[in-house]
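Report on one structure; see the data block that follows.
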Amino acid sequence: MHPLVEIRGLTAAFDGIPALRGVDLAIGRGEAVALVGESGCGKSVTWLAALGLLPGKAKVGGSVRLDGQEILHAAPSVLDEVRGGRVAMIFQDPASSLNPVHRIGRQITEALRLHRGMAGNAAREEARRLLDRVGMPDARRRLDAYPHELSGGQNQRVMIAMALAGQPELLVADEPTTALDVTIQAQILELLAEIRRDTGMALVLISHDLGVVAETCERVCVMYAGRIVEETAAADLFAAPAHPYAAGLLAALPPIDGPRRPLAAIPGGVPEPWAMPPGCPFAPRCPRHVAACDAAPPALMTVAPGHRAACIRPIEPAHNPELIPA
Ligand SMILES: Nc1ncnc2c1ncn2[C@@H]1O[C@H](COP(=O)(O)OP(=O)(O)OP(=O)(O)O)[C@@H](O)[C@H]1O
């Protein structure tokens, strides 16, 4: 059986400068997968490219299959059915995705008309049900509110309700909680997890924050400089990261309990897309760097069952202090 979404060799370039350099990623039905990495590594562009949402100047290549059907560069009629329908996307700043001059109810009923052919009272009743579903207090009255009359967290709930209007098989949530304060963040993540359990939809959570990911996702894909560099079960990544970049991201997390210690940061920054080193793009920052790392960019290789890393010197579990028995 096909995975729900299968992305292969996805590339994207802006004015000849590559932003994605061959992304391979598969999402199973009902699966929750996190896409993590520092700012600018290509997390958002991966999904914008996959769904044909990049501006015309972007040059996109590779393959994106939805349930076995190629959708990259598909006809507009096919993409219209996919976007907001089978695959929905929500973004960091709901205020910029909602139309400020239309009432919330109208925006949700419009999504219902487009994707489910609903109209009139049936659409309005379904919009109310969806607002209820996303935990909007006093949903019926809120149908008549404008986005500026709601809080950031409430607007994000509206965005989720609009995404659910198309009964998506996959929801891509791009930093959905970054603009929200911590308690609201936790509520929105719990809501996404709950909806996923109820509907069986798959979830891709794009985040630069590994802490956010741990609770919500089963599998994690770590991106660096336009490629996936590590892919494994979330629990495995936290217990035994194989790629030195993933290990660095984890070391930069503040401890959950115990005394605060200075954050271990990864020295340097992501290489500029026009100045990529010839070998591994992480080599200039890598504590495990050897001369062979500069030869060619490493491919994703299996380091343990279900665990892949693009590194010629992956960290072995035995070298991971967390796994050494006391
Ligand atoms: N419309 C665009 N025109 C030119 N370059 C772009 C455009 N959109 C994205 N890029 C470039 O593509 C690269 C990847 O950007 P992307 O937004 O996917 O990063 P990200 O990992 O999602 O980071 P962030 O967390 O900051 O959103 C960056 O170098 C960015 O500058």
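Identifiers for the structure tokens are assigned positionally: chains receive A, B, ... in sequence, residues are indexed from 1 per chain, and ligands are indexed from 1 in the order shown.
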Select from chain A every residue with an atom at most 10 Å from any atom of ligand 1, then for each give the shortest pair of atoms and their distance in Å to one decimal, using only C-alpha atoms and all ligand atoms, rows by chain and rising number, as a tab-separated table.
```
residue	atom	partner	partner_atom_place_in_ligand_line	distance
A:Ala12	CA	ligand 1	12 (O)	8.2
A:Ala13	CA	ligand 1	5 (N)	7.7
A:Phe14	CA	ligand 1	4 (C)	5.1
A:Asp15	CA	ligand 1	4 (C)	7.5
A:Gly16	CA	ligand 1	4 (C)	9.9
A:Ile17	CA	ligand 1	5 (N)	8.1
A:Pro18	CA	ligand 1	12 (O)	7.6
A:Ala19	CA	ligand 1	12 (O)	4.5
A:Leu20	CA	ligand 1	14 (C)	7.2
A:Leu35	CA	ligand 1	21 (O)	8.9
A:Val36	CA	ligand 1	21 (O)	7.7
A:Gly37	CA	ligand 1	21 (O)	6.3
A:Glu38	CA	ligand 1	21 (O)	6.0
A:Ser39	CA	ligand 1	23 (O)	3.6
A:Gly40	CA	ligand 1	19 (O)	3.4
A:Cys41	CA	ligand 1	21 (O)	3.9
A:Gly42	CA	ligand 1	18 (O)	3.1
A:Lys43	CA	ligand 1	21 (O)	3.9
A:Ser44	CA	ligand 1	22 (O)	3.7
A:Val45	CA	ligand 1	18 (O)	3.7
A:Thr46	CA	ligand 1	18 (O)	6.3
A:Trp47	CA	ligand 1	18 (O)	8.2
A:Leu48	CA	ligand 1	18 (O)	8.2
A:Ala49	CA	ligand 1	18 (O)	9.3
A:Leu53	CA	ligand 1	1 (N)	9.9
A:Leu54	CA	ligand 1	1 (N)	6.6
A:Pro55	CA	ligand 1	1 (N)	6.2
A:Gly56	CA	ligand 1	1 (N)	9.2
A:Lys57	CA	ligand 1	3 (N)	8.1
A:Ala58	CA	ligand 1	3 (N)	7.3
A:Phe91	CA	ligand 1	27 (O)	9.8
A:Gln92	CA	ligand 1	27 (O)	9.0
A:Asp174	CA	ligand 1	22 (O)	7.9
A:Glu175	CA	ligand 1	25 (O)	7.5
A:Thr178	CA	ligand 1	25 (O)	9.8
A:Ile206	CA	ligand 1	22 (O)	7.6
A:Ser207	CA	ligand 1	25 (O)	6.9
A:His208	CA	ligand 1	25 (O)	6.1
A:Asp209	CA	ligand 1	25 (O)	9.6
A:Met223	CA	ligand 1	21 (O)	7.7
A:Tyr224	CA	ligand 1	21 (O)	8.2
A:Ala225	CA	ligand 1	14 (C)	8.0
A:Gly226	CA	ligand 1	14 (C)	7.0
A:Val270	CA	ligand 1	29 (O)	9.5
A:Pro271	CA	ligand 1	29 (O)	9.6
A:Glu272	CA	ligand 1	29 (O)	7.4
A:Pro273	CA	ligand 1	29 (O)	6.4
A:Trp274	CA	ligand 1	29 (O)	9.5
```
Open item on the list: Could you go through range 191-225 of chain A and tell me which residues DSSP, when run on the backbone, assigns to alpha helix (DSSP H), listing them as a PyMOL selection string?
Closed with: chain A and resi 191-199+210-216
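Minimum atom-to-atom distance to Ile90 in chain A, evaluated using only C-alpha atoms, belongs to A:Met162 out of A:Cys280, A:Cys286, A:Ala291, A:Met162.
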TODO: Could you give me, as JSON, numbers by chain, each residue of range 49-253 of chain A that DSSP assigns to strand (DSSP E or B) when run on this structure's backbone?
DONE: {"A": [58, 59, 60, 61, 62, 63, 64, 65, 66, 69, 70, 83, 87, 88, 89, 90, 170, 171, 172, 173, 174, 202, 203, 204, 205, 206, 207, 219, 220, 221, 222, 223, 224, 227, 228, 229, 230, 231, 232, 233]}
Kindly export the residues of the current selection with N, CA and C atoms, as a short mmCIF file (atom, residue, chain, number, x, y, z; two decimals), in the first residue's frame.
```
data_model
loop_
_atom_site.label_atom_id
_atom_site.label_comp_id
_atom_site.auth_asym_id
_atom_site.auth_seq_id
_atom_site.Cartn_x
_atom_site.Cartn_y
_atom_site.Cartn_z
N ALA A 58 9.74 30.48 -8.33
CA ALA A 58 10.42 29.32 -7.74
C ALA A 58 10.46 28.17 -8.74
N LYS A 59 11.61 27.51 -8.80
CA LYS A 59 11.72 26.36 -9.70
C LYS A 59 11.70 25.10 -8.83
N VAL A 60 10.71 24.25 -9.08
CA VAL A 60 10.48 23.09 -8.21
C VAL A 60 10.64 21.81 -9.01
N GLY A 61 11.32 20.82 -8.44
CA GLY A 61 11.48 19.53 -9.13
C GLY A 61 11.32 18.38 -8.16
N GLY A 62 11.27 17.15 -8.71
CA GLY A 62 11.12 15.96 -7.87
C GLY A 62 9.74 15.37 -8.02
N SER A 63 9.29 14.69 -6.98
CA SER A 63 8.00 14.01 -7.07
C SER A 63 7.27 14.10 -5.73
N VAL A 64 5.96 14.33 -5.80
CA VAL A 64 5.12 14.32 -4.60
C VAL A 64 3.89 13.50 -4.93
N ARG A 65 3.72 12.38 -4.27
CA ARG A 65 2.55 11.53 -4.54
C ARG A 65 1.62 11.55 -3.34
N LEU A 66 0.34 11.71 -3.66
CA LEU A 66 -0.70 11.63 -2.63
C LEU A 66 -1.48 10.36 -2.93
N GLN A 69 -0.81 9.07 -6.30
CA GLN A 69 -1.03 9.93 -7.47
C GLN A 69 -0.08 11.13 -7.45
N GLU A 70 0.61 11.36 -8.55
CA GLU A 70 1.55 12.50 -8.61
C GLU A 70 0.78 13.81 -8.55
N ARG A 83 -5.64 20.92 -2.09
CA ARG A 83 -5.33 21.99 -1.13
C ARG A 83 -6.59 22.41 -0.38
N VAL A 87 -5.53 17.79 1.80
CA VAL A 87 -4.40 18.26 2.61
C VAL A 87 -4.66 19.72 3.00
N ALA A 88 -4.71 19.99 4.29
CA ALA A 88 -4.92 21.36 4.75
C ALA A 88 -3.66 21.84 5.44
N MET A 89 -3.47 23.15 5.43
CA MET A 89 -2.26 23.71 6.05
C MET A 89 -2.66 24.89 6.93
N ILE A 90 -2.09 24.95 8.12
CA ILE A 90 -2.29 26.14 8.96
C ILE A 90 -0.93 26.74 9.29
N LEU A 170 -4.65 14.87 5.73
CA LEU A 170 -3.39 15.34 6.33
C LEU A 170 -3.53 16.82 6.67
N LEU A 171 -3.15 17.16 7.90
CA LEU A 171 -3.07 18.57 8.29
C LEU A 171 -1.60 18.92 8.49
N VAL A 172 -1.12 19.92 7.76
CA VAL A 172 0.25 20.40 7.94
C VAL A 172 0.16 21.67 8.79
N ALA A 173 0.70 21.61 9.99
CA ALA A 173 0.63 22.75 10.91
C ALA A 173 2.02 23.37 10.99
N ASP A 174 2.16 24.57 10.42
CA ASP A 174 3.47 25.22 10.32
C ASP A 174 3.65 26.18 11.49
N ALA A 202 -3.72 12.38 9.35
CA ALA A 202 -2.29 12.47 9.64
C ALA A 202 -1.95 13.92 9.97
N LEU A 203 -0.87 14.10 10.71
CA LEU A 203 -0.47 15.45 11.12
C LEU A 203 1.02 15.63 10.86
N VAL A 204 1.37 16.72 10.19
CA VAL A 204 2.78 17.11 10.10
C VAL A 204 2.91 18.39 10.90
N LEU A 205 3.76 18.35 11.91
CA LEU A 205 3.96 19.52 12.76
C LEU A 205 5.34 20.10 12.45
N ILE A 206 5.33 21.31 11.87
CA ILE A 206 6.60 21.98 11.56
C ILE A 206 6.96 22.83 12.77
N SER A 207 8.17 22.64 13.29
CA SER A 207 8.54 23.40 14.48
C SER A 207 10.06 23.54 14.57
N ARG A 219 7.00 10.38 15.14
CA ARG A 219 8.21 10.30 14.33
C ARG A 219 8.73 11.72 14.12
N VAL A 220 10.04 11.83 14.04
CA VAL A 220 10.65 13.15 13.84
C VAL A 220 11.57 13.11 12.63
N CYS A 221 11.48 14.12 11.78
CA CYS A 221 12.42 14.30 10.69
C CYS A 221 13.16 15.60 10.96
N VAL A 222 14.48 15.51 11.01
CA VAL A 222 15.29 16.71 11.27
C VAL A 222 15.82 17.21 9.94
N MET A 223 15.59 18.51 9.67
CA MET A 223 16.07 19.09 8.41
C MET A 223 17.27 19.97 8.67
N TYR A 224 18.17 19.97 7.70
CA TYR A 224 19.31 20.90 7.75
C TYR A 224 19.69 21.28 6.33
N ARG A 227 17.69 19.59 3.36
CA ARG A 227 17.57 18.13 3.29
C ARG A 227 17.14 17.56 4.63
N ILE A 228 16.59 16.33 4.57
CA ILE A 228 16.34 15.61 5.83
C ILE A 228 17.68 14.98 6.23
N VAL A 229 18.12 15.22 7.46
CA VAL A 229 19.40 14.63 7.89
C VAL A 229 19.22 13.52 8.92
N GLU A 230 18.04 13.44 9.53
CA GLU A 230 17.80 12.32 10.45
C GLU A 230 16.31 12.07 10.51
N GLU A 231 15.95 10.80 10.61
CA GLU A 231 14.55 10.42 10.60
C GLU A 231 14.38 9.20 11.49
N THR A 232 13.55 9.33 12.52
CA THR A 232 13.38 8.19 13.43
C THR A 232 12.17 8.39 14.34
N ALA A 233 11.86 7.36 15.13
CA ALA A 233 10.79 7.50 16.13
C ALA A 233 11.20 8.59 17.12
#
```
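Separating CA of Thr216 in chain A from CA of Arg197 in chain A is a distance of 11.3 Å.
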Task: Point-to-point distance in Å for CA of Arg157 in chain A and CA of Ala139 in chain A - done: 11.0 Å
TODO: Write out as a count of residues only which residues come within 10 Å of range 107-122 of chain A when counting only C-alpha atoms, dropping same-chain ones fewer than 5 positions away.
DONE: 26
Open item on the list: Residues within 12 Å of Ala296 in chain A, please, as JSON, numbers by chain. Count only C-alpha atoms; anything in the same chain fewer than 5 positions from it doesn't count.
Closed with: {"A": [276, 277, 278, 279, 280, 281, 282, 283, 291, 310, 311, 312]}
Create the file for the chosen residues now, containing N, CA and C atoms and written as an mmCIF file, in the first residue's frame.
```cif
data_model
loop_
_atom_site.group_PDB
_atom_site.id
_atom_site.type_symbol
_atom_site.label_atom_id
_atom_site.label_comp_id
_atom_site.auth_asym_id
_atom_site.auth_seq_id
_atom_site.Cartn_x
_atom_site.Cartn_y
_atom_site.Cartn_z
ATOM 1 N N MET A 276 27.208 26.745 -0.113
ATOM 2 C CA MET A 276 27.174 25.418 0.499
ATOM 3 C C MET A 276 28.548 24.764 0.392
ATOM 4 N N PRO A 277 29.027 24.163 1.480
ATOM 5 C CA PRO A 277 30.282 23.421 1.354
ATOM 6 C C PRO A 277 30.080 22.229 0.413
ATOM 7 N N PRO A 278 31.157 21.748 -0.230
ATOM 8 C CA PRO A 278 30.998 20.657 -1.205
ATOM 9 C C PRO A 278 30.577 19.336 -0.557
ATOM 10 N N GLY A 279 30.941 19.133 0.690
ATOM 11 C CA GLY A 279 30.624 17.874 1.352
ATOM 12 C C GLY A 279 29.378 18.009 2.200
ATOM 13 N N CYS A 280 29.443 17.480 3.417
ATOM 14 C CA CYS A 280 28.315 17.568 4.335
ATOM 15 C C CYS A 280 28.085 19.030 4.722
ATOM 16 N N PRO A 281 26.860 19.529 4.572
ATOM 17 C CA PRO A 281 26.630 20.946 4.886
ATOM 18 C C PRO A 281 26.812 21.286 6.370
ATOM 19 N N PHE A 282 26.789 20.241 7.230
ATOM 20 C CA PHE A 282 26.968 20.509 8.664
ATOM 21 C C PHE A 282 28.456 20.456 9.069
ATOM 22 N N ALA A 283 29.319 19.988 8.141
ATOM 23 C CA ALA A 283 30.738 19.760 8.477
ATOM 24 C C ALA A 283 31.409 20.952 9.169
ATOM 25 N N ALA A 291 38.199 14.567 7.590
ATOM 26 C CA ALA A 291 38.429 15.010 6.207
ATOM 27 C C ALA A 291 37.416 14.401 5.235
ATOM 28 N N ALA A 310 21.874 11.042 7.789
ATOM 29 C CA ALA A 310 22.755 11.400 6.677
ATOM 30 C C ALA A 310 24.090 11.836 7.262
ATOM 31 N N CYS A 311 24.873 10.849 7.669
ATOM 32 C CA CYS A 311 26.143 11.152 8.332
ATOM 33 C C CYS A 311 27.067 9.965 8.147
ATOM 34 N N ILE A 312 28.329 10.234 7.775
ATOM 35 C CA ILE A 312 29.254 9.093 7.623
ATOM 36 C C ILE A 312 29.862 8.686 8.968
#
```
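Candidate residues A:Gly135, A:Gly152, A:Gly306, A:Pro100 were compared for distance to Leu192 in chain A, and the nearest is A:Gly135, using only C-alpha atoms.
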